[in-house]
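Notes follow once the structure below has been shown.
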Amino acid sequence: MNKKQNNASGRLLNFLGENSVPIMFVIIVAICIPISGFSPKFLLNEIITRMGRNVFLILSLLIPIMAGMGLNFGMTLGAMAGEIALIFVSDWQIWGIPGIILAMILSIPISVVMGIMCGKILNASKGREMITSYIISFFTNGLYQLLVLYMMGSIIPIIHSSIKLPRGYGIRQTVGLLNMRQSLDNLLALRIAGVKIPVLTFIIIALMCLVIVWFRRTKLGQDMRAVGQDMEVARDAGIDVERTRIISIVISTVLAGFGMIIYLQNMGDMATYSAHSQIGMFCIAALLVGGASVDRASIGNVFLGVVLFHLMFILAPTAGAKITGDTMIGEYFRVFISYGVITVALVMYETKKRKAKAGMGHLLEAAQREEEKANA
Amino acid sequence: MSDLRNAGTGWQERLVSAYKSFGLPRMIIAGMLVVLLIAAPLVGANFWMQITNVINRFSWNSVLVLAMVPMVHSGCGLNFGLPLGIISGLLGATISLEMGFTGPMSFVMAILIATPFAILFGIGYGWLLNKIKGGEMMIATYVGFSSVSFMCMMWLLLPYRKPDMVWGYAGTGLRTTISLEGYYDQILAKFLQIRIGSLVIPTGSLLFFAFLAFLMWAFLHTKTGTAMTAVGSNPVFAKAAGINVDKMRMLSVVLSTWLAAIGILVYQQGFGFIQLYMAPFNMALPAVSAILIGGASVNKASIANVIIGTILFQGIVTMTPTVMNNAIHMDISEVLRMVVSNGMILYALTRKTEAKS
């Protein structure tokens, strides 16, 4: 009886330990909701909008995690590809659903090229993928600015002056996507008791989830998991490790490009030079809040993460203002939480990895001792 | 004839070996700086003014770059957590001003007050990095970010009251930039300053850097210093030789954090302002790429790397805007800086390094 109880409490502790981040966020949100004084209808509306906006982007992170490459900070590259495609489409004045589809098609080749570049660099820096992909995103941001701020309009023809800077070349700080705004969300949209549900966007997201589930079972998906488990073993099993890793990054980049287009059509305008700069950080923080770790993430984590993280995002400024009387505190608080969550997740992952390594060492030692005993 | 050929191959070999030890990206950057130096007078910029700017920027940033050295030596990698040290420096600066010190005394007090903070933060940071060996750089980045965003709240909440530091209407919460006029603005730079025409040399700042760099160099040659280098180059061997690996790493992190705190104070005295809130956020990357441009790698760095790297990096950063603006009336310097500095970090990260423990 006693043993059983111990077991149960042990299991509970284990559960709490493994899900400490989501549980902490549930508590934060539970405290903030009454303080902020928002109506449930408003919150539900906001959450559903933000889900439609962000989930696809976060889904793009899952495949590199499967391939053991950690959190892909290089998803920003895909976001930039999506933005470049949107600039062209809005210059050609193709609006609505056709515009979105054309932008998605246009973004594919750009994403693939960037993804291959990113994958190759990451292959040269194995074991340091995350910091490298993080720096790649900065580096590519430089190239992106070179292209958009200096080459568009001077070398690459841009027809409409409405999106050009007054000096004659370069793209304006914001590109209006008014004619495209929420055209994906509004098609087939449902309104239930004042809450708008963008059905088509959700169908696309559901399809994507199915594709990811299916992909895990394909040969390539299995290879990726094998590479993620142990690169050397996978190589011995005849898997082309380098190629598999590049493919996982390319898929992630292409999906991030689509995700960014979905995100921007919901927003309705595009901050040309800053829309992508924070997107990687927020997506990764949301995924981690949902209970994912650097080496394990599921579709469930994505949805839970979006709900909890964005609730915190909506609530923090108002709740912070009500508690301290200063609006800026809440603003800084949510930034701090985003970074803090990523830090904690990274620390937990690294300590777990070291513990596993040490545990392996102990097992090996014990096995050797046994063997020696048997020999003696 | 054969002599000539021999001489030729000897010359070529030497060039190849120089090229190999110097590295292609460094060559390109040095070449770029030379081109800029030649182009500056041609496009109508005052050459000596440009040199003054480069020396000035060098004197502001060199200590921050020096802060990279200890952690690279002990094998903790590039200190992307530099903002943590910068925050201790900011605490020292603001508390020194709050306590009412002025003139040179405010600078000395800022250093003295920043020191315990730097040691305290450094111990915590070092403890964390010892728990996660192998993943230092990514976690360091995020430790820096979280501490900066945490301090954003603290700058608003801490009970600072001095009228020229806090927001005028509320009476609380520090301003985003605080002028150092009357405090330690140019305190080092004005010391023994040399003026020849339009060339101005901030001797005091350079001497201060030289002093710290000498201390660093001397420290690396003491018994503790060599032990630290041993930990960095081969932890297993160092452990076998009876060196406490964790303690050495901790010491290097504390040193690095403290130097970052001093570094930001030196930066402020040159710049003339204390910058708070999100300002320290992106200060790690320029320092990291500067030392890499100077020839350091993820696990090897010397004082010479610091000096060469800071001159090259700051040279490019200060000269490109003027030269580019004068030459083609198009300011692509910001973009260029982004590509060059991050490209340099990427290059270093993709180099093969010795086996880790």
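Following the order of the structure tokens, first chain is A, next is B, and so on, with residues numbered from 1 inside each chain and ligands from 1 in the order they appear.
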
Please return, as an mmCIF file with C-alpha atoms, in the first residue's frame, all residues of chain B lying within 8 Å of chain A when only C-alpha atoms are considered.
```
data_model
loop_
_atom_site.group_PDB
_atom_site.id
_atom_site.type_symbol
_atom_site.label_atom_id
_atom_site.label_comp_id
_atom_site.auth_asym_id
_atom_site.auth_seq_id
_atom_site.Cartn_x
_atom_site.Cartn_y
_atom_site.Cartn_z
ATOM 1 C CA LYS B 131 26.104 22.659 -15.323
ATOM 2 C CA ILE B 132 25.659 22.805 -19.082
ATOM 3 C CA LYS B 133 29.124 22.223 -20.500
ATOM 4 C CA GLY B 135 25.994 24.164 -24.728
ATOM 5 C CA MET B 137 27.119 29.737 -26.284
ATOM 6 C CA MET B 138 23.383 29.354 -26.889
ATOM 7 C CA ILE B 139 22.547 29.523 -23.211
ATOM 8 C CA TYR B 142 19.714 33.789 -23.662
ATOM 9 C CA VAL B 143 21.091 34.479 -20.190
ATOM 10 C CA PHE B 145 18.744 38.502 -23.155
ATOM 11 C CA SER B 146 16.736 37.483 -20.103
ATOM 12 C CA SER B 147 18.897 39.546 -17.780
ATOM 13 C CA SER B 149 14.776 42.297 -20.191
ATOM 14 C CA PHE B 150 14.610 41.654 -16.447
ATOM 15 C CA CYS B 152 14.270 46.770 -18.009
ATOM 16 C CA MET B 153 11.669 46.261 -15.298
ATOM 17 C CA LEU B 156 11.679 51.417 -13.661
ATOM 18 C CA ILE B 332 24.778 50.752 -47.166
ATOM 19 C CA VAL B 335 23.807 46.440 -43.991
ATOM 20 C CA LEU B 336 27.480 45.894 -44.709
ATOM 21 C CA MET B 338 25.551 43.291 -40.397
ATOM 22 C CA VAL B 339 26.782 40.997 -43.157
ATOM 23 C CA ASN B 342 27.654 38.011 -38.577
ATOM 24 C CA GLY B 343 29.443 36.394 -41.486
ATOM 25 C CA ILE B 345 30.858 34.706 -36.475
ATOM 26 C CA LEU B 346 29.392 32.099 -38.827
ATOM 27 C CA LEU B 349 31.390 28.573 -35.804
ATOM 28 C CA THR B 350 31.813 26.345 -38.830
ATOM 29 C CA ARG B 351 35.560 25.821 -38.301
ATOM 30 C CA LYS B 352 36.433 22.419 -36.910
#
```

May I have the residues within 6 Å of segment 65-73 of chain B as a PDB file with N, CA and C atoms, in the first residue's frame, using only C-alpha atoms and disregarding those fewer than 3 positions away in the same chain?
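After the write, out.pdb holds the following:
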```pdb
ATOM      1  N   SER B  62      37.533  48.654 -26.943  1.00  0.00           N
ATOM      2  CA  SER B  62      38.567  47.634 -26.790  1.00  0.00           C
ATOM      3  C   SER B  62      38.413  46.810 -25.513  1.00  0.00           C
ATOM      4  N   CYS B  76      35.061  28.011 -22.421  1.00  0.00           N
ATOM      5  CA  CYS B  76      33.630  28.315 -22.312  1.00  0.00           C
ATOM      6  C   CYS B  76      33.082  28.920 -23.611  1.00  0.00           C
ATOM      7  N   GLY B  77      33.935  29.094 -24.586  1.00  0.00           N
ATOM      8  CA  GLY B  77      33.472  29.630 -25.864  1.00  0.00           C
ATOM      9  C   GLY B  77      33.343  31.136 -25.840  1.00  0.00           C
ATOM     10  N   LEU B  78      32.734  31.671 -26.889  1.00  0.00           N
ATOM     11  CA  LEU B  78      32.580  33.114 -27.000  1.00  0.00           C
ATOM     12  C   LEU B  78      31.521  33.578 -26.016  1.00  0.00           C
ATOM     13  N   ASN B  79      31.803  34.659 -25.322  1.00  0.00           N
ATOM     14  CA  ASN B  79      30.890  35.108 -24.278  1.00  0.00           C
ATOM     15  C   ASN B  79      29.722  35.897 -24.863  1.00  0.00           C
ATOM     16  N   THR B 229      44.201  28.017 -19.231  1.00  0.00           N
ATOM     17  CA  THR B 229      44.389  27.678 -20.643  1.00  0.00           C
ATOM     18  C   THR B 229      44.383  26.163 -20.829  1.00  0.00           C
ATOM     19  N   GLY B 232      40.972  24.873 -20.984  1.00  0.00           N
ATOM     20  CA  GLY B 232      40.339  25.158 -22.261  1.00  0.00           C
ATOM     21  C   GLY B 232      40.807  24.241 -23.363  1.00  0.00           C
ATOM     22  N   SER B 252      37.140  32.183 -14.854  1.00  0.00           N
ATOM     23  CA  SER B 252      37.188  32.856 -16.156  1.00  0.00           C
ATOM     24  C   SER B 252      35.892  33.617 -16.419  1.00  0.00           C
ATOM     25  N   VAL B 253      34.769  33.032 -16.017  1.00  0.00           N
ATOM     26  CA  VAL B 253      33.481  33.693 -16.248  1.00  0.00           C
ATOM     27  C   VAL B 253      33.384  34.970 -15.408  1.00  0.00           C
ATOM     28  N   SER B 256      35.556  37.590 -16.986  1.00  0.00           N
ATOM     29  CA  SER B 256      34.937  38.073 -18.216  1.00  0.00           C
ATOM     30  C   SER B 256      33.813  39.050 -17.890  1.00  0.00           C
ATOM     31  N   LEU B 259      35.296  42.332 -16.574  1.00  0.00           N
ATOM     32  CA  LEU B 259      35.861  43.144 -17.660  1.00  0.00           C
ATOM     33  C   LEU B 259      34.761  43.783 -18.497  1.00  0.00           C
ATOM     34  N   ALA B 260      33.654  43.059 -18.688  1.00  0.00           N
ATOM     35  CA  ALA B 260      32.539  43.645 -19.435  1.00  0.00           C
ATOM     36  C   ALA B 260      31.980  44.850 -18.689  1.00  0.00           C
ATOM     37  N   ALA B 287      31.265  42.780 -30.216  1.00  0.00           N
ATOM     38  CA  ALA B 287      32.488  42.387 -29.511  1.00  0.00           C
ATOM     39  C   ALA B 287      32.942  41.003 -29.953  1.00  0.00           C
ATOM     40  N   ASN B 299      38.006  28.626 -29.539  1.00  0.00           N
ATOM     41  CA  ASN B 299      38.733  28.210 -28.334  1.00  0.00           C
ATOM     42  C   ASN B 299      40.173  28.719 -28.256  1.00  0.00           C
ATOM     43  N   ALA B 301      42.348  32.629 -28.198  1.00  0.00           N
ATOM     44  CA  ALA B 301      42.309  34.089 -28.328  1.00  0.00           C
ATOM     45  C   ALA B 301      43.492  34.690 -27.593  1.00  0.00           C
ATOM     46  N   VAL B 306      42.702  40.770 -29.894  1.00  0.00           N
ATOM     47  CA  VAL B 306      41.803  41.828 -29.421  1.00  0.00           C
ATOM     48  C   VAL B 306      42.134  43.139 -30.114  1.00  0.00           C
TER      49      VAL B 306
END
```

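For segment 4-193 of chain A, backbone-based DSSP labels the following residues as strand (DSSP E or B): A:Met152, A:Ile156, A:Lys164, A:Ile171, A:Thr174, A:Val175, A:Gly176, A:Leu190, A:Arg191, A:Ile192.
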
Restricting the output to N, CA and C atoms, write the selected residues as an mmCIF file, in the first residue's frame.
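Output file again_29.cif is given in full below:
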```
data_model
loop_
_atom_site.group_PDB
_atom_site.id
_atom_site.type_symbol
_atom_site.label_atom_id
_atom_site.label_comp_id
_atom_site.auth_asym_id
_atom_site.auth_seq_id
_atom_site.Cartn_x
_atom_site.Cartn_y
_atom_site.Cartn_z
ATOM 1 N N MET A 152 15.950 46.317 -54.841
ATOM 2 C CA MET A 152 14.604 46.356 -55.407
ATOM 3 C C MET A 152 14.307 47.769 -55.886
ATOM 4 N N ILE A 156 16.269 45.147 -59.487
ATOM 5 C CA ILE A 156 15.073 44.328 -59.691
ATOM 6 C C ILE A 156 13.907 45.276 -59.945
ATOM 7 N N LYS A 164 7.374 51.777 -53.173
ATOM 8 C CA LYS A 164 8.781 52.179 -53.217
ATOM 9 C C LYS A 164 9.025 53.365 -52.290
ATOM 10 N N ILE A 171 12.199 49.392 -50.743
ATOM 11 C CA ILE A 171 10.786 49.219 -50.417
ATOM 12 C C ILE A 171 10.470 50.003 -49.151
ATOM 13 N N THR A 174 6.511 49.994 -44.516
ATOM 14 C CA THR A 174 5.377 49.076 -44.455
ATOM 15 C C THR A 174 4.792 48.908 -45.843
ATOM 16 N N VAL A 175 4.441 47.675 -46.167
ATOM 17 C CA VAL A 175 3.764 47.387 -47.418
ATOM 18 C C VAL A 175 2.334 47.019 -47.049
ATOM 19 N N GLY A 176 1.384 47.792 -47.562
ATOM 20 C CA GLY A 176 -0.016 47.526 -47.241
ATOM 21 C C GLY A 176 -0.532 46.322 -48.004
ATOM 22 N N LEU A 190 -16.918 31.418 -39.879
ATOM 23 C CA LEU A 190 -18.144 31.182 -39.116
ATOM 24 C C LEU A 190 -18.189 32.168 -37.966
ATOM 25 N N ARG A 191 -19.401 32.609 -37.613
ATOM 26 C CA ARG A 191 -19.530 33.445 -36.425
ATOM 27 C C ARG A 191 -20.438 32.740 -35.450
ATOM 28 N N ILE A 192 -19.892 32.342 -34.310
ATOM 29 C CA ILE A 192 -20.709 31.681 -33.302
ATOM 30 C C ILE A 192 -20.704 32.561 -32.064
#
```

Note to self: Can you tell me which residues surround segment 288-302 of chain A at a distance of at most 10 Å, considering only C-alpha atoms, apart from same-chain residues fewer than 5 positions away, and format the answer as a PyMOL selection string?
What the structure shows: chain A and resi 18-26+51+54-59+61-72+130+209-210+212-213+228-229+282-283+307-309+337-338+341-342+344-350+353

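The spacing separating atom CA of Val254 of chain A from atom CA of Val199 of chain A amounts to 22.9 Å.
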